[in-house]
Amino acid sequence: MSTPRPLWQGRTLAVVGIVLFAFSLRSAVASLSPLFDHISAEFELPAAVIGLIGTAPPVCYAVFGLLTPALERRFGLERLAVTAMVVVAAGLVVRSLAPNPGLLLAGTALVFAAVGTGNILLPPLVKRYFPDRIGLMTTVYSTTMAVSTALPALIAVPVADASDWHLSLGLWSVFALVGAIPWIGLAVRHRAETAAAAAVSGDDEDIEEPSPRAFGRMWRVPLAWGLLATFAASATMAYTSFAWLPKILVDIADVTPAAAGVLLSLFGFMGLPASLAVPLLVARWNATRLLIGIAIACGFVGLGGLLLVPTVAPWLWVALFGLAPLLFPLVLVLLGLRTRTHEGAVALSGFVQSIGYGIAALFPLGIGLLHDATDSWTGPLIVLAVVVAAVIPAGIVVARPHTVEDEWERRHGAW
């Protein structure tokens with residue numbers, strides 16, 4: 001085990017780089033949907049395009065989550081981090097200058113292709129630079145993600161009202177460009193260190209792809225499926241909300257677009273206490289069952305309020321529904337706690353995240369099509385309630401304190 005040393009000692013660039021990297025990975029997620037009304041005043045935004053924009057993040061996360069290990073082995077962690085930040089910035093600029101729905105969608109896809117790569121890079125970056133502070137830095141970057149998810153939704157409409165929607169979307173590219181600077185310095189430093197140590201070790205791999213055998217075993221392990229279902233439900237609720245929650249609130253809760261943006265920000269901010277508390281509660285006190293129960297209950301009550309009395313206290317229903325995605329940091333912690341071997345951890349993470357994001361990608365578009373077919377938000381909200389209900393059986397499985405290796409050995413023999 002590494003001996004702990006002061007967080008900033010020789011690692012200032014890495015601390016700043018990881019914080020800016022995490023901030024840029026999420027600031028693009030929630031900055032667009034509050035501006036749909038502003039954009040629609042300039043050119044038409046069909047529901048299908050909005051649904052595709054909402055679908056882009058999980059699709060890109062799934063695809064580039066699978067491609068990133070090979071890209072990392074070819075280019076290295078730091079150089080790939082620089083590339084991801086530059087591509088995020090370029091995508092944000094393209095999106096902010098879009099004169100039509102097609103270019104808006106293309107810019108969004110470019111942004112989230114880079115974000116999908118960044119999602120995979122963050123854990124090994126933390127492991128490389130903070131092997132003695134993995135828990136602390138994981139809390140730091142997950143909290144930064146929660147803040148950067150909520151902040152754009154809070155200020156997007158006021159900035160657009162004060163100037164225009166182009167500036168409101170494009171300003172986040174500045175943070176991505178600044179976020180590339182620390183990694184340029186770290187890439188130069190790491191290249192020099194690698195050259196100096198080449199005679200001692202020729203192994204530069206930081207991310208290992210799961211072997212086909214280990215990955216294939218996940219399909220036959222109920223625990224893996226339980227974590228997959230829980231992760232997919234959390235991602236579905238989050239990305240459907242980022243795509244549609246402002247419009248849902250404007251249509252059924254009688255709020256203004258600006259107020260809907262604030263409420264989307266509230267939804268995002270509810271992830272902040274979860275990202276701070278959930279890892280500690282799960283790792284130290286094994287509170288998995290309790291936290292899953294809280295997420296399910298809050299999801300049902302929040303959706304029930306939006307279905308039955310949406311105008312009474314929309315902030316309360318949004319806040320409660322915003323607690324349901326606490327399942328996300330919970331699953332991230334369990335990916336480590338529910339594995340015994342490194343091979344198992346890599347295989348389980350790849351299985352859960354790539355397939356989970358793939359499932360979640362279907363819902364923003366499907367929700368939009370269902371709304372168009374019924375001219376109502378009742379059906380889409382009921383679908384989200386069914387998604388919450390799916391966590392009940394999955395939660396029973398993942399709450400049991402055992403590993404995927406244990407479960408495989410019990411059912412099929414030696415791991």
# chains A, B, ... in the order shown; residues from 1 in each chain; ligands from 1
call {"tool": "residues_around", "arguments": {"residues": "Asp406 in chain A", "least_positions_apart": "2", "cutoff": "10 Å", "atoms": "only C-alpha atoms", "output": "ChimeraX atom specification"}}
result
/A:221,338-340,402-404,408-415
call {"tool": "write_last_selection", "arguments": {"atoms": "N, CA and C atoms", "output": "PDB file, in the first residue's frame"}}
result
ATOM      1  N   VAL A 221     -23.615 -14.335 -14.368  1.00  0.00           N
ATOM      2  CA  VAL A 221     -23.532 -14.032 -12.935  1.00  0.00           C
ATOM      3  C   VAL A 221     -24.672 -13.086 -12.560  1.00  0.00           C
ATOM      4  N   ARG A 338     -17.610  -5.411  -5.040  1.00  0.00           N
ATOM      5  CA  ARG A 338     -18.216  -6.685  -5.432  1.00  0.00           C
ATOM      6  C   ARG A 338     -17.311  -7.500  -6.356  1.00  0.00           C
ATOM      7  N   THR A 339     -16.022  -7.183  -6.348  1.00  0.00           N
ATOM      8  CA  THR A 339     -15.041  -7.979  -7.085  1.00  0.00           C
ATOM      9  C   THR A 339     -13.874  -8.306  -6.166  1.00  0.00           C
ATOM     10  N   ARG A 340     -13.208  -9.415  -6.472  1.00  0.00           N
ATOM     11  CA  ARG A 340     -12.085  -9.870  -5.654  1.00  0.00           C
ATOM     12  C   ARG A 340     -10.763  -9.752  -6.396  1.00  0.00           C
ATOM     13  N   HIS A 402     -21.260 -10.155  -1.408  1.00  0.00           N
ATOM     14  CA  HIS A 402     -20.438 -11.188  -2.015  1.00  0.00           C
ATOM     15  C   HIS A 402     -19.884 -10.649  -3.322  1.00  0.00           C
ATOM     16  N   THR A 403     -18.970 -11.377  -3.943  1.00  0.00           N
ATOM     17  CA  THR A 403     -18.312 -10.905  -5.151  1.00  0.00           C
ATOM     18  C   THR A 403     -18.753 -11.721  -6.359  1.00  0.00           C
ATOM     19  N   VAL A 404     -18.474 -11.178  -7.544  1.00  0.00           N
ATOM     20  CA  VAL A 404     -18.811 -11.915  -8.763  1.00  0.00           C
ATOM     21  C   VAL A 404     -17.983 -13.196  -8.858  1.00  0.00           C
ATOM     22  N   TRP A 408     -19.524 -16.910  -9.197  1.00  0.00           N
ATOM     23  CA  TRP A 408     -19.130 -17.792 -10.287  1.00  0.00           C
ATOM     24  C   TRP A 408     -18.634 -19.135  -9.750  1.00  0.00           C
ATOM     25  N   GLU A 409     -17.775 -19.084  -8.742  1.00  0.00           N
ATOM     26  CA  GLU A 409     -17.217 -20.318  -8.187  1.00  0.00           C
ATOM     27  C   GLU A 409     -18.284 -21.196  -7.549  1.00  0.00           C
ATOM     28  N   ARG A 410     -19.273 -20.561  -6.922  1.00  0.00           N
ATOM     29  CA  ARG A 410     -20.340 -21.316  -6.308  1.00  0.00           C
ATOM     30  C   ARG A 410     -21.204 -22.018  -7.363  1.00  0.00           C
ATOM     31  N   ARG A 411     -21.355 -21.402  -8.528  1.00  0.00           N
ATOM     32  CA  ARG A 411     -22.225 -21.953  -9.564  1.00  0.00           C
ATOM     33  C   ARG A 411     -21.486 -22.783 -10.605  1.00  0.00           C
ATOM     34  N   HIS A 412     -20.231 -22.404 -10.910  1.00  0.00           N
ATOM     35  CA  HIS A 412     -19.570 -23.019 -12.051  1.00  0.00           C
ATOM     36  C   HIS A 412     -18.189 -23.588 -11.762  1.00  0.00           C
ATOM     37  N   GLY A 413     -17.684 -23.425 -10.565  1.00  0.00           N
ATOM     38  CA  GLY A 413     -16.359 -23.944 -10.256  1.00  0.00           C
ATOM     39  C   GLY A 413     -15.311 -22.848 -10.213  1.00  0.00           C
ATOM     40  N   ALA A 414     -14.049 -23.211 -10.325  1.00  0.00           N
ATOM     41  CA  ALA A 414     -12.930 -22.282 -10.134  1.00  0.00           C
ATOM     42  C   ALA A 414     -13.017 -21.083 -11.086  1.00  0.00           C
ATOM     43  N   TRP A 415     -12.693 -19.902 -10.562  1.00  0.00           N
ATOM     44  CA  TRP A 415     -12.706 -18.674 -11.348  1.00  0.00           C
ATOM     45  C   TRP A 415     -11.573 -18.704 -12.377  1.00  0.00           C
TER      46      TRP A 415
END
call {"tool": "residues_around", "arguments": {"residues": "range 91-107 of chain A", "least_positions_apart": "5", "cutoff": "8 Å", "atoms": "only C-alpha atoms", "output": "NGL selection string"}}
result
:A and (28 or 43-45 or 49 or 52-53 or 165-170 or 172-173)
call {"tool": "residues_around", "arguments": {"residues": "Thr138 in chain A", "least_positions_apart": "4", "cutoff": "10 Å", "atoms": "only C-alpha atoms", "output": "ChimeraX atom specification"}}
result
/A:18,122-123,126-127,130,133-134,142-144,275-276,279,333
call {"tool": "closest_residue", "arguments": {"among": "A:Gly226, A:Thr288, A:Gly350, A:Ile50", "to": "Asn119 in chain A", "atoms": "only C-alpha atoms"}}
result
A:Gly350
call {"tool": "closest_residue", "arguments": {"among": "A:Trp315, A:Ala324, A:Asp375, A:Leu348", "to": "Arg220 in chain A", "atoms": "only C-alpha atoms"}}
result
A:Leu348
call {"tool": "residues_around", "arguments": {"residues": "Met145 in chain A", "least_positions_apart": "4", "cutoff": "7 Å", "atoms": "only C-alpha atoms", "output": "list in words"}}
result
Ala22, Phe23, Arg26, Tyr141 and Thr149 of chain A
call {"tool": "write_last_selection", "arguments": {"atoms": "N, CA and C atoms", "output": "CSV table (one decimal), in the first residue's frame"}}
result
chain,number,residue,atom,x,y,z
A,22,ALA,N,-12.8,16.7,-14.8
A,22,ALA,CA,-14.2,16.3,-14.3
A,22,ALA,C,-15.2,17.3,-14.6
A,23,PHE,N,-14.9,18.6,-14.3
A,23,PHE,CA,-15.8,19.7,-14.6
A,23,PHE,C,-16.2,19.7,-16.0
A,26,ARG,N,-18.8,17.1,-17.5
A,26,ARG,CA,-20.2,17.1,-17.1
A,26,ARG,C,-20.9,18.4,-17.5
A,141,TYR,N,-13.5,14.2,-7.5
A,141,TYR,CA,-13.9,14.4,-8.9
A,141,TYR,C,-15.4,14.0,-9.1
A,149,THR,N,-22.6,19.5,-13.3
A,149,THR,CA,-23.9,19.1,-13.9
A,149,THR,C,-25.0,20.1,-13.6
call {"tool": "atom_distance", "arguments": {"atom1": "CA of Ala153 in chain A", "atom2": "CA of Ile292 in chain A"}}
result
26.7 Å
call {"tool": "closest_atom_pairs", "arguments": {"of": "range 344-366 of chain A", "to": "range 66-85 of chain A", "cutoff": "12 Å", "atoms": "only C-alpha atoms", "output": "CSV"}}
result
residue,atom,partner,partner_atom,distance
A:Val346,CA,A:Pro69,CA,10.8
A:Ala347,CA,A:Leu66,CA,11.2
A:Ser349,CA,A:Leu66,CA,10.7
A:Gly350,CA,A:Leu66,CA,7.3
A:Phe351,CA,A:Leu66,CA,9.6
A:Val352,CA,A:Leu66,CA,11.5
A:Gln353,CA,A:Leu66,CA,9.3
A:Ser354,CA,A:Leu66,CA,6.8
A:Ile355,CA,A:Leu66,CA,9.9
A:Tyr357,CA,A:Leu66,CA,11.2
A:Gly358,CA,A:Leu66,CA,11.2
